[in-house]
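The data block below is final-v5.pdb; it holds PDB, C-alpha atoms.
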```pdb
ATOM      1  CA  MET X   1      -1.669 -53.278 -38.273
ATOM      2  CA  THR X   2      -0.198 -50.850 -35.804
ATOM      3  CA  THR X   3      -1.493 -48.394 -33.291
ATOM      4  CA  SER X   4      -0.501 -44.728 -33.391
ATOM      5  CA  VAL X   5       2.604 -45.301 -31.248
ATOM      6  CA  ILE X   6       4.853 -48.364 -31.322
ATOM      7  CA  ALA X   7       7.862 -49.345 -29.248
ATOM      8  CA  ALA X   8      11.253 -50.890 -29.834
ATOM      9  CA  LEU X   9      13.341 -52.564 -27.154
ATOM     10  CA  ASP X  10      17.048 -53.180 -27.691
ATOM     11  CA  ILE X  11      18.728 -55.436 -25.096
ATOM     12  CA  GLY X  12      22.496 -55.633 -25.024
ATOM     13  CA  GLY X  13      25.091 -56.920 -22.621
ATOM     14  CA  SER X  14      25.874 -53.429 -21.350
ATOM     15  CA  LYS X  15      22.920 -51.226 -22.278
ATOM     16  CA  LEU X  16      19.182 -51.383 -22.780
ATOM     17  CA  ALA X  17      17.269 -48.910 -24.973
ATOM     18  CA  ILE X  18      13.584 -48.090 -25.449
ATOM     19  CA  THR X  19      12.437 -46.181 -28.545
ATOM     20  CA  LEU X  20       8.920 -44.899 -29.187
ATOM     21  CA  ALA X  21       7.772 -43.949 -32.680
ATOM     22  CA  ASN X  22       4.698 -42.956 -34.637
ATOM     23  CA  ALA X  23       4.034 -42.560 -38.355
ATOM     24  CA  ASP X  24       6.120 -39.377 -38.436
ATOM     25  CA  GLY X  25       9.223 -41.130 -37.064
ATOM     26  CA  PRO X  26      11.005 -41.964 -33.817
ATOM     27  CA  LEU X  27       9.904 -39.754 -30.931
ATOM     28  CA  ILE X  28      12.308 -40.629 -28.111
ATOM     29  CA  ARG X  29      15.090 -43.075 -27.265
ATOM     30  CA  LEU X  30      16.019 -43.707 -23.643
ATOM     31  CA  VAL X  31      19.120 -45.725 -22.749
ATOM     32  CA  GLN X  32      20.035 -47.326 -19.433
ATOM     33  CA  ALA X  33      22.679 -49.754 -18.219
ATOM     34  CA  THR X  34      21.365 -53.315 -18.457
ATOM     35  CA  ARG X  35      20.279 -54.592 -15.052
ATOM     36  CA  LYS X  36      22.294 -57.636 -13.918
ATOM     37  CA  ILE X  37      21.098 -58.159 -10.370
ATOM     38  CA  GLY X  38      17.868 -59.383  -8.811
ATOM     39  CA  THR X  39      15.472 -62.031 -10.043
ATOM     40  CA  PRO X  40      15.800 -63.527 -13.544
ATOM     41  CA  ASP X  41      12.981 -61.310 -14.870
ATOM     42  CA  ALA X  42      14.867 -58.146 -13.823
ATOM     43  CA  ILE X  43      15.750 -57.109 -17.390
ATOM     44  CA  ALA X  44      12.212 -57.541 -18.706
ATOM     45  CA  ARG X  45      10.863 -55.561 -15.715
ATOM     46  CA  GLN X  46      13.457 -52.868 -16.345
ATOM     47  CA  SER X  47      12.278 -52.657 -19.955
ATOM     48  CA  LEU X  48       8.684 -51.993 -18.894
ATOM     49  CA  GLU X  49       9.829 -49.428 -16.345
ATOM     50  CA  LEU X  50      11.896 -47.575 -18.951
ATOM     51  CA  LEU X  51       8.984 -47.685 -21.388
ATOM     52  CA  ALA X  52       6.768 -46.082 -18.756
ATOM     53  CA  VAL X  53       9.331 -43.297 -18.297
ATOM     54  CA  ALA X  54       9.440 -42.716 -22.064
ATOM     55  CA  CYS X  55       5.643 -42.473 -22.162
ATOM     56  CA  GLN X  56       5.720 -39.950 -19.325
ATOM     57  CA  HIS X  57       8.246 -37.832 -21.234
ATOM     58  CA  LEU X  58       5.880 -37.696 -24.206
ATOM     59  CA  ALA X  59       2.620 -37.481 -22.221
ATOM     60  CA  ILE X  60       1.479 -40.737 -23.825
ATOM     61  CA  ASN X  61      -0.800 -43.201 -22.087
ATOM     62  CA  PHE X  62       1.338 -46.266 -21.298
ATOM     63  CA  ALA X  63      -1.626 -48.590 -21.957
ATOM     64  CA  ASP X  64      -1.994 -47.277 -25.527
ATOM     65  CA  VAL X  65       1.407 -48.647 -26.607
ATOM     66  CA  ASP X  66       0.629 -52.289 -27.332
ATOM     67  CA  HIS X  67       3.031 -53.157 -30.215
ATOM     68  CA  ILE X  68       6.716 -53.806 -29.527
ATOM     69  CA  GLY X  69       9.611 -55.034 -31.615
ATOM     70  CA  VAL X  70      12.553 -56.450 -29.695
ATOM     71  CA  SER X  71      16.179 -56.829 -30.693
ATOM     72  CA  SER X  72      18.258 -58.708 -28.171
ATOM     73  CA  CYS X  73      21.502 -60.445 -27.597
ATOM     74  CA  GLY X  74      21.075 -64.221 -27.508
ATOM     75  CA  PRO X  75      20.963 -67.139 -27.678
ATOM     76  CA  PHE X  76      17.236 -67.639 -27.154
ATOM     77  CA  ASP X  77      15.414 -70.563 -25.597
ATOM     78  CA  TYR X  78      11.870 -71.453 -24.614
ATOM     79  CA  GLN X  79      10.385 -71.953 -21.170
ATOM     80  CA  ASP X  80       6.719 -72.977 -20.913
ATOM     81  CA  GLY X  81       6.413 -72.220 -24.631
ATOM     82  CA  LEU X  82       7.533 -68.597 -24.300
ATOM     83  CA  LEU X  83      10.781 -67.103 -25.570
ATOM     84  CA  GLY X  84      13.559 -65.995 -23.234
ATOM     85  CA  LEU X  85      17.280 -65.330 -23.234
ATOM     86  CA  THR X  86      20.315 -67.417 -22.298
ATOM     87  CA  PRO X  87      23.269 -65.095 -23.026
ATOM     88  CA  PRO X  88      26.500 -65.925 -21.162
ATOM     89  CA  ASN X  89      27.317 -62.203 -20.917
ATOM     90  CA  LEU X  90      24.188 -61.661 -18.773
ATOM     91  CA  CYS X  91      23.527 -65.026 -17.106
ATOM     92  CA  GLY X  92      25.909 -65.530 -14.203
ATOM     93  CA  GLY X  93      24.811 -69.142 -13.893
ATOM     94  CA  LEU X  94      26.102 -69.855 -17.404
ATOM     95  CA  ALA X  95      29.078 -67.527 -17.679
ATOM     96  CA  ARG X  96      32.728 -68.163 -17.144
ATOM     97  CA  ASP X  97      32.932 -64.539 -16.026
ATOM     98  CA  LYS X  98      32.635 -64.764 -12.244
ATOM     99  CA  ASN X  99      32.078 -61.011 -12.049
ATOM    100  CA  LEU X 100      28.431 -61.329 -13.090
ATOM    101  CA  PRO X 101      26.444 -60.733  -9.866
ATOM    102  CA  ASN X 102      23.640 -63.233 -10.497
ATOM    103  CA  ASP X 103      23.006 -66.958 -10.837
ATOM    104  CA  TRP X 104      20.613 -66.733 -13.793
ATOM    105  CA  THR X 105      20.511 -69.486 -16.392
ATOM    106  CA  PHE X 106      17.392 -68.251 -18.242
ATOM    107  CA  ILE X 107      16.007 -64.715 -18.555
ATOM    108  CA  PRO X 108      12.234 -64.667 -19.140
ATOM    109  CA  LEU X 109      11.271 -62.042 -21.686
ATOM    110  CA  GLU X 110       8.147 -62.847 -23.694
ATOM    111  CA  SER X 111       6.184 -63.912 -20.616
ATOM    112  CA  VAL X 112       6.746 -60.524 -18.955
ATOM    113  CA  LEU X 113       6.166 -58.458 -22.104
ATOM    114  CA  ARG X 114       2.856 -60.254 -22.694
ATOM    115  CA  GLU X 115       1.573 -58.733 -19.457
ATOM    116  CA  HIS X 116       1.392 -55.441 -21.354
ATOM    117  CA  PHE X 117       1.746 -55.900 -25.137
ATOM    118  CA  THR X 118      -0.669 -57.385 -27.655
ATOM    119  CA  ILE X 119       1.802 -57.644 -30.539
ATOM    120  CA  ILE X 120       5.361 -58.776 -29.780
ATOM    121  CA  HIS X 121       8.114 -59.570 -32.270
ATOM    122  CA  ILE X 122      11.454 -60.740 -30.825
ATOM    123  CA  ASP X 123      14.609 -61.032 -32.944
ATOM    124  CA  ASN X 124      18.255 -61.619 -32.302
ATOM    125  CA  ASP X 125      19.945 -58.211 -32.495
ATOM    126  CA  CYS X 126      21.762 -59.040 -35.739
ATOM    127  CA  VAL X 127      18.554 -60.317 -37.335
ATOM    128  CA  ALA X 128      16.901 -57.039 -36.329
ATOM    129  CA  ALA X 129      19.850 -55.137 -37.796
ATOM    130  CA  LEU X 130      19.491 -57.051 -41.058
ATOM    131  CA  ARG X 131      15.778 -56.197 -41.132
ATOM    132  CA  GLY X 132      16.674 -52.534 -40.637
ATOM    133  CA  GLU X 133      19.147 -52.596 -43.516
ATOM    134  CA  LEU X 134      16.682 -54.445 -45.767
ATOM    135  CA  CYS X 135      13.951 -51.903 -45.033
ATOM    136  CA  PHE X 136      15.906 -48.652 -44.866
ATOM    137  CA  GLY X 137      19.617 -49.211 -45.423
ATOM    138  CA  ALA X 138      22.145 -50.676 -47.815
ATOM    139  CA  ALA X 139      20.258 -53.914 -48.580
ATOM    140  CA  GLN X 140      16.933 -52.531 -49.836
ATOM    141  CA  LYS X 141      17.368 -54.146 -53.254
ATOM    142  CA  GLU X 142      18.941 -57.385 -52.013
ATOM    143  CA  SER X 143      17.311 -60.801 -51.712
ATOM    144  CA  ASN X 144      20.468 -62.621 -50.562
ATOM    145  CA  ALA X 145      22.394 -60.736 -47.930
ATOM    146  CA  ILE X 146      24.348 -61.165 -44.717
ATOM    147  CA  TYR X 147      24.538 -58.640 -41.902
ATOM    148  CA  VAL X 148      27.432 -59.130 -39.500
ATOM    149  CA  THR X 149      28.425 -57.137 -36.455
ATOM    150  CA  TRP X 150      32.061 -57.020 -35.415
ATOM    151  CA  SER X 151      31.985 -55.580 -31.950
ATOM    152  CA  THR X 152      32.402 -57.053 -28.461
ATOM    153  CA  GLY X 153      31.196 -60.276 -30.076
ATOM    154  CA  ILE X 154      30.486 -61.539 -33.580
ATOM    155  CA  GLY X 155      26.916 -62.086 -34.760
ATOM    156  CA  PHE X 156      25.029 -62.465 -38.034
ATOM    157  CA  GLY X 157      21.664 -61.916 -39.671
ATOM    158  CA  LEU X 158      20.984 -64.017 -42.770
ATOM    159  CA  CYS X 159      18.616 -63.423 -45.699
ATOM    160  CA  VAL X 160      18.216 -66.033 -48.471
ATOM    161  CA  ASP X 161      15.835 -65.694 -51.428
ATOM    162  CA  GLY X 162      14.184 -62.746 -49.716
ATOM    163  CA  HIS X 163      13.530 -64.636 -46.480
ATOM    164  CA  ILE X 164      15.148 -63.686 -43.190
ATOM    165  CA  LEU X 165      16.297 -66.895 -41.506
ATOM    166  CA  ARG X 166      15.255 -67.320 -37.875
ATOM    167  CA  GLY X 167      15.548 -71.040 -37.068
ATOM    168  CA  LYS X 168      13.716 -73.233 -34.582
ATOM    169  CA  SER X 169      14.368 -70.920 -31.600
ATOM    170  CA  GLY X 170      15.244 -67.671 -33.344
ATOM    171  CA  ASN X 171      18.967 -68.448 -33.138
ATOM    172  CA  ALA X 172      19.827 -68.555 -36.856
ATOM    173  CA  GLY X 173      22.859 -66.339 -37.311
ATOM    174  CA  HIS X 174      24.868 -67.361 -34.245
ATOM    175  CA  ALA X 175      27.701 -68.184 -36.615
ATOM    176  CA  GLY X 176      30.159 -66.304 -34.431
ATOM    177  CA  HIS X 177      30.386 -69.671 -32.689
ATOM    178  CA  MET X 178      31.418 -71.598 -35.813
ATOM    179  CA  LEU X 179      34.624 -73.502 -35.087
ATOM    180  CA  MET X 180      37.583 -72.108 -37.000
ATOM    181  CA  SER X 181      40.764 -73.524 -35.470
ATOM    182  CA  GLU X 182      41.657 -76.806 -33.767
ATOM    183  CA  ILE X 183      45.012 -75.535 -32.564
ATOM    184  CA  SER X 184      44.069 -72.139 -31.162
ATOM    185  CA  GLU X 185      43.656 -71.808 -27.398
ATOM    186  CA  ALA X 186      41.391 -68.779 -27.810
ATOM    187  CA  LEU X 187      38.437 -69.151 -25.417
ATOM    188  CA  CYS X 188      34.943 -67.826 -26.096
ATOM    189  CA  GLY X 189      32.444 -66.897 -23.386
ATOM    190  CA  CYS X 190      30.198 -69.706 -24.666
ATOM    191  CA  GLY X 191      32.875 -72.252 -23.731
ATOM    192  CA  ASN X 192      34.107 -72.961 -27.259
ATOM    193  CA  VAL X 193      37.803 -72.906 -27.983
ATOM    194  CA  GLY X 194      38.840 -71.668 -31.418
ATOM    195  CA  ASP X 195      35.490 -70.345 -32.650
ATOM    196  CA  LEU X 196      35.287 -67.107 -34.638
ATOM    197  CA  GLU X 197      34.224 -64.962 -31.692
ATOM    198  CA  SER X 198      37.046 -66.299 -29.543
ATOM    199  CA  LEU X 199      39.549 -65.388 -32.252
ATOM    200  CA  VAL X 200      38.415 -61.878 -33.221
ATOM    201  CA  GLY X 201      35.536 -60.749 -30.971
ATOM    202  CA  GLY X 202      36.535 -57.429 -29.418
ATOM    203  CA  ARG X 203      36.367 -58.590 -25.822
ATOM    204  CA  ASN X 204      38.118 -61.913 -26.369
ATOM    205  CA  LEU X 205      40.835 -60.505 -28.602
ATOM    206  CA  GLY X 206      41.666 -57.745 -26.148
ATOM    207  CA  LEU X 207      41.770 -60.165 -23.204
ATOM    208  CA  ARG X 208      44.002 -62.568 -25.082
ATOM    209  CA  LEU X 209      46.455 -59.847 -26.071
ATOM    210  CA  GLY X 210      46.404 -58.162 -22.665
ATOM    211  CA  GLN X 211      45.762 -54.706 -24.088
ATOM    212  CA  SER X 212      42.854 -52.668 -25.402
ATOM    213  CA  LEU X 213      41.796 -52.907 -29.034
ATOM    214  CA  ASP X 214      41.893 -49.116 -29.233
ATOM    215  CA  LYS X 215      45.614 -49.224 -28.504
ATOM    216  CA  ILE X 216      46.233 -52.068 -30.958
ATOM    217  CA  PHE X 217      44.437 -50.350 -33.832
ATOM    218  CA  SER X 218      45.981 -46.983 -32.997
ATOM    219  CA  SER X 219      49.453 -48.560 -33.121
ATOM    220  CA  ALA X 220      48.589 -50.211 -36.439
ATOM    221  CA  ARG X 221      47.544 -46.863 -37.904
ATOM    222  CA  SER X 222      50.865 -45.448 -36.727
ATOM    223  CA  GLY X 223      52.768 -48.134 -38.620
ATOM    224  CA  ASP X 224      53.718 -50.490 -35.775
ATOM    225  CA  GLU X 225      54.527 -53.766 -37.524
ATOM    226  CA  THR X 226      53.487 -56.010 -34.621
ATOM    227  CA  ALA X 227      50.104 -54.289 -34.359
ATOM    228  CA  ILE X 228      49.638 -54.418 -38.131
ATOM    229  CA  ALA X 229      50.242 -58.171 -38.064
ATOM    230  CA  ILE X 230      47.667 -58.622 -35.277
ATOM    231  CA  VAL X 231      45.057 -56.576 -37.154
ATOM    232  CA  ARG X 232      45.757 -58.401 -40.408
ATOM    233  CA  GLU X 233      45.401 -61.819 -38.783
ATOM    234  CA  ALA X 234      42.101 -60.800 -37.175
ATOM    235  CA  ALA X 235      40.790 -59.533 -40.529
ATOM    236  CA  GLN X 236      41.830 -62.790 -42.189
ATOM    237  CA  TRP X 237      39.935 -64.901 -39.653
ATOM    238  CA  PHE X 238      36.912 -62.645 -40.020
ATOM    239  CA  GLY X 239      37.050 -62.873 -43.820
ATOM    240  CA  ARG X 240      37.305 -66.668 -43.702
ATOM    241  CA  GLY X 241      34.243 -66.851 -41.476
ATOM    242  CA  LEU X 242      32.348 -64.728 -43.991
ATOM    243  CA  TYR X 243      33.569 -66.931 -46.837
ATOM    244  CA  ASN X 244      32.141 -70.005 -45.092
ATOM    245  CA  LEU X 245      28.718 -68.398 -44.912
ATOM    246  CA  ILE X 246      28.830 -66.963 -48.424
ATOM    247  CA  VAL X 247      29.544 -70.330 -50.035
ATOM    248  CA  THR X 248      26.967 -72.035 -47.820
ATOM    249  CA  LEU X 249      24.118 -69.583 -48.468
ATOM    250  CA  ASP X 250      25.091 -68.218 -51.917
ATOM    251  CA  THR X 251      24.663 -64.601 -50.839
ATOM    252  CA  GLN X 252      25.402 -61.488 -52.892
ATOM    253  CA  CYS X 253      26.407 -58.853 -50.357
ATOM    254  CA  VAL X 254      27.742 -58.617 -46.818
ATOM    255  CA  LEU X 255      26.866 -55.616 -44.672
ATOM    256  CA  VAL X 256      29.203 -55.040 -41.753
ATOM    257  CA  GLY X 257      28.453 -53.050 -38.619
ATOM    258  CA  GLY X 258      29.671 -52.929 -35.040
ATOM    259  CA  SER X 259      32.186 -50.718 -33.288
ATOM    260  CA  VAL X 260      35.343 -52.645 -34.259
ATOM    261  CA  TRP X 261      34.440 -52.367 -37.936
ATOM    262  CA  ARG X 262      33.034 -48.811 -37.873
ATOM    263  CA  GLU X 263      36.113 -47.391 -36.184
ATOM    264  CA  ASN X 264      38.701 -49.358 -38.184
ATOM    265  CA  GLU X 265      37.191 -50.099 -41.583
ATOM    266  CA  ALA X 266      40.141 -48.592 -43.458
ATOM    267  CA  LEU X 267      42.518 -51.091 -41.825
ATOM    268  CA  LEU X 268      40.261 -54.106 -42.236
ATOM    269  CA  SER X 269      38.192 -53.937 -45.410
ATOM    270  CA  ASP X 270      40.806 -54.790 -48.065
ATOM    271  CA  VAL X 271      42.067 -57.814 -46.145
ATOM    272  CA  VAL X 272      38.532 -59.104 -45.536
ATOM    273  CA  GLN X 273      37.535 -58.616 -49.167
ATOM    274  CA  THR X 274      40.677 -60.435 -50.334
ATOM    275  CA  GLU X 275      39.927 -63.432 -48.117
ATOM    276  CA  ILE X 276      36.642 -63.798 -49.981
ATOM    277  CA  SER X 277      37.480 -62.738 -53.521
ATOM    278  CA  ASN X 278      40.598 -64.927 -53.832
ATOM    279  CA  ARG X 279      38.666 -68.168 -53.342
ATOM    280  CA  PHE X 280      36.442 -70.208 -55.689
ATOM    281  CA  PRO X 281      35.253 -67.532 -58.148
ATOM    282  CA  ALA X 282      32.086 -69.426 -59.110
ATOM    283  CA  LEU X 283      30.823 -68.885 -55.547
ATOM    284  CA  THR X 284      32.418 -65.555 -54.645
ATOM    285  CA  ARG X 285      32.468 -63.559 -57.865
ATOM    286  CA  GLY X 286      30.853 -60.155 -57.383
ATOM    287  CA  VAL X 287      30.199 -60.566 -53.656
ATOM    288  CA  ARG X 288      30.455 -57.135 -52.034
ATOM    289  CA  ILE X 289      31.629 -56.236 -48.537
ATOM    290  CA  GLN X 290      30.285 -52.867 -47.444
ATOM    291  CA  SER X 291      29.468 -50.965 -44.287
ATOM    292  CA  ALA X 292      25.916 -50.943 -42.949
ATOM    293  CA  LEU X 293      24.275 -47.546 -43.390
ATOM    294  CA  LEU X 294      22.155 -47.196 -40.250
ATOM    295  CA  GLY X 295      25.054 -47.089 -37.793
ATOM    296  CA  GLU X 296      24.432 -47.426 -34.085
ATOM    297  CA  LEU X 297      20.638 -47.271 -34.478
ATOM    298  CA  VAL X 298      20.441 -50.223 -36.859
ATOM    299  CA  THR X 299      19.020 -52.690 -34.308
ATOM    300  CA  ASP X 300      16.486 -50.189 -32.927
ATOM    301  CA  ILE X 301      15.258 -49.301 -36.435
ATOM    302  CA  GLY X 302      15.068 -52.984 -37.342
ATOM    303  CA  ALA X 303      13.001 -53.726 -34.231
ATOM    304  CA  LEU X 304      10.575 -50.919 -35.092
ATOM    305  CA  ALA X 305      10.329 -52.172 -38.690
ATOM    306  CA  ALA X 306       9.114 -55.556 -37.427
ATOM    307  CA  VAL X 307       5.907 -54.046 -35.983
ATOM    308  CA  MET X 308       5.216 -51.025 -38.187
ATOM    309  CA  SER X 309       2.856 -50.931 -41.150
ATOM    310  CA  GLU X 310       4.051 -51.096 -44.755
ATOM    311  CA  ALA X 311       2.762 -47.553 -45.240
ATOM    312  CA  TRP X 312       5.096 -46.299 -42.523
ATOM    313  CA  ILE X 313       8.043 -48.118 -44.087
ATOM    314  CA  ALA X 314       7.492 -46.534 -47.509
ATOM    315  CA  ASP X 315       7.232 -43.053 -45.992
ATOM    316  CA  TRP X 316      10.241 -43.490 -43.703
ATOM    317  CA  ARG X 317      12.360 -44.575 -46.664
ATOM    318  CA  LEU X 318      11.709 -41.242 -48.280
ATOM    319  CA  ARG X 319      12.200 -39.045 -45.207
ATOM    320  CA  GLN X 320      14.748 -41.034 -43.117
ATOM    321  CA  PRO X 321      13.337 -39.551 -39.879
ATOM    322  CA  TRP X 322      15.605 -41.629 -37.613
ATOM    323  CA  GLN X 323      18.451 -39.258 -38.485
ATOM    324  CA  LEU X 324      16.934 -36.732 -36.076
ATOM    325  CA  LEU X 325      16.759 -39.209 -33.178
ATOM    326  CA  LYS X 326      18.848 -38.328 -30.126
ATOM    327  CA  SER X 327      19.479 -40.704 -27.236
ATOM    328  CA  GLU X 328      18.956 -39.751 -23.616
ATOM    329  CA  PHE X 329      20.833 -41.732 -20.985
ATOM    330  CA  ILE X 330      18.956 -42.494 -17.771
ATOM    331  CA  GLU X 331      20.753 -43.371 -14.528
TER     332      GLU X 331
END
```
Now, as a test, write the supplied structure out as structure tokens.
Amino acid sequence: MTTSVIAALDIGGSKLAITLANADGPLIRLVQATRKIGTPDAIARQSLELLAVACQHLAINFADVDHIGVSSCGPFDYQDGLLGLTPPNLCGGLARDKNLPNDWTFIPLESVLREHFTIIHIDNDCVAALRGELCFGAAQKESNAIYVTWSTGIGFGLCVDGHILRGKSGNAGHAGHMLMSEISEALCGCGNVGDLESLVGGRNLGLRLGQSLDKIFSSARSGDETAIAIVREAAQWFGRGLYNLIVTLDTQCVLVGGSVWRENEALLSDVVQTEISNRFPALTRGVRIQSALLGELVTDIGALAAVMSEAWIADWRLRQPWQLLKSEFIE
């Protein structure tokens, strides 16, 4: 199925990463700030440029890398039958953030990548993360699982009866935009008021409180009652959002990643678990909340898994070669 070297592209609101791998494991990971100026295809062009640099580092012929798995922030949409991106945190023409220096409303991706690649698989970043955990992480034995990232935003990957859900445009899992409160004035970048991401997403929560989340969580760890109440309320909202998905999809485990969770799990996990376990036992009994195992590389590994052969997957499970991968930041 695959050539000797495959690529993974991870597109985020602040950084873009290219990883090259062969059967032995990941070879290189280059990271660069996501381009936000120029024509709408600037990010896709940047991806190809960074891939070329990675190939040069490894003395690999650029033309020989023709399989790529992509994990990207969304939502996705189609233009002329080809998939692209419409994320408010990158598209200045859609965003409420007037600091974005562009007027984009659609970012072409597949059309540019097809200029070079034969095999392309594009997933939402949380779907890619779920794939990574199913292949190599904490969900290897699970047929009904949820991956959720609690970071700058809130996003999900969903697996039911062994099938990863993708939806009509690849947007299954954008449940961070489920409406949670009719009385909250919390504003999300998508324009919703009172959705889950507006209430607890790292960026929105910090903006609403007028202080950094690092300071809030640090104060909570030090015993500040006001900060503890803020953290507890955020964990309750997060747990209720998970409950909604669990009872809808009848899932067995929830894997949580993202910087807010990774750095503050001890403050959050019991409250989140309680919000689930204390409701409707027939639907929540035995549901586990646990941290994702692949850490910051989960989306990159998931993107690679989408275009690698089954033989590679079996071998990588045994050796876990991604643990040796180091990132190099490029100006």
Shortest interatomic distance to Leu205 in chain X - which of X:Thr152, X:Leu179, X:Asp161, X:Pro40, counting all atoms listed in the file: X:Thr152
Residue neighbourhood range 24-27 of chain X, 12 Å, all atoms listed in the file, exclusion window fewer than 2 positions, as a ChimeraX atom specification: /X:4-8,18-22,29-30,54-55,57-60,297,300-301,303-305,308,311-328
Expansion of the PyMOL selection byres ((chain X and resi 290) around 6) into residues, as a PyMOL selection string: chain X and resi 255+289+291
Residues returned when the PyMOL selection byres ((chain X and resi 105-115) around 8) runs on this file, as a VMD selection string: chain X and resid 40 to 41 43 to 45 48 77 79 82 to 86 91 to 94 103 to 104 116 to 118 120
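Between CA of Thr248 in chain X and CA of Gly137 in chain X the interatomic distance comes to 24.1 Å.
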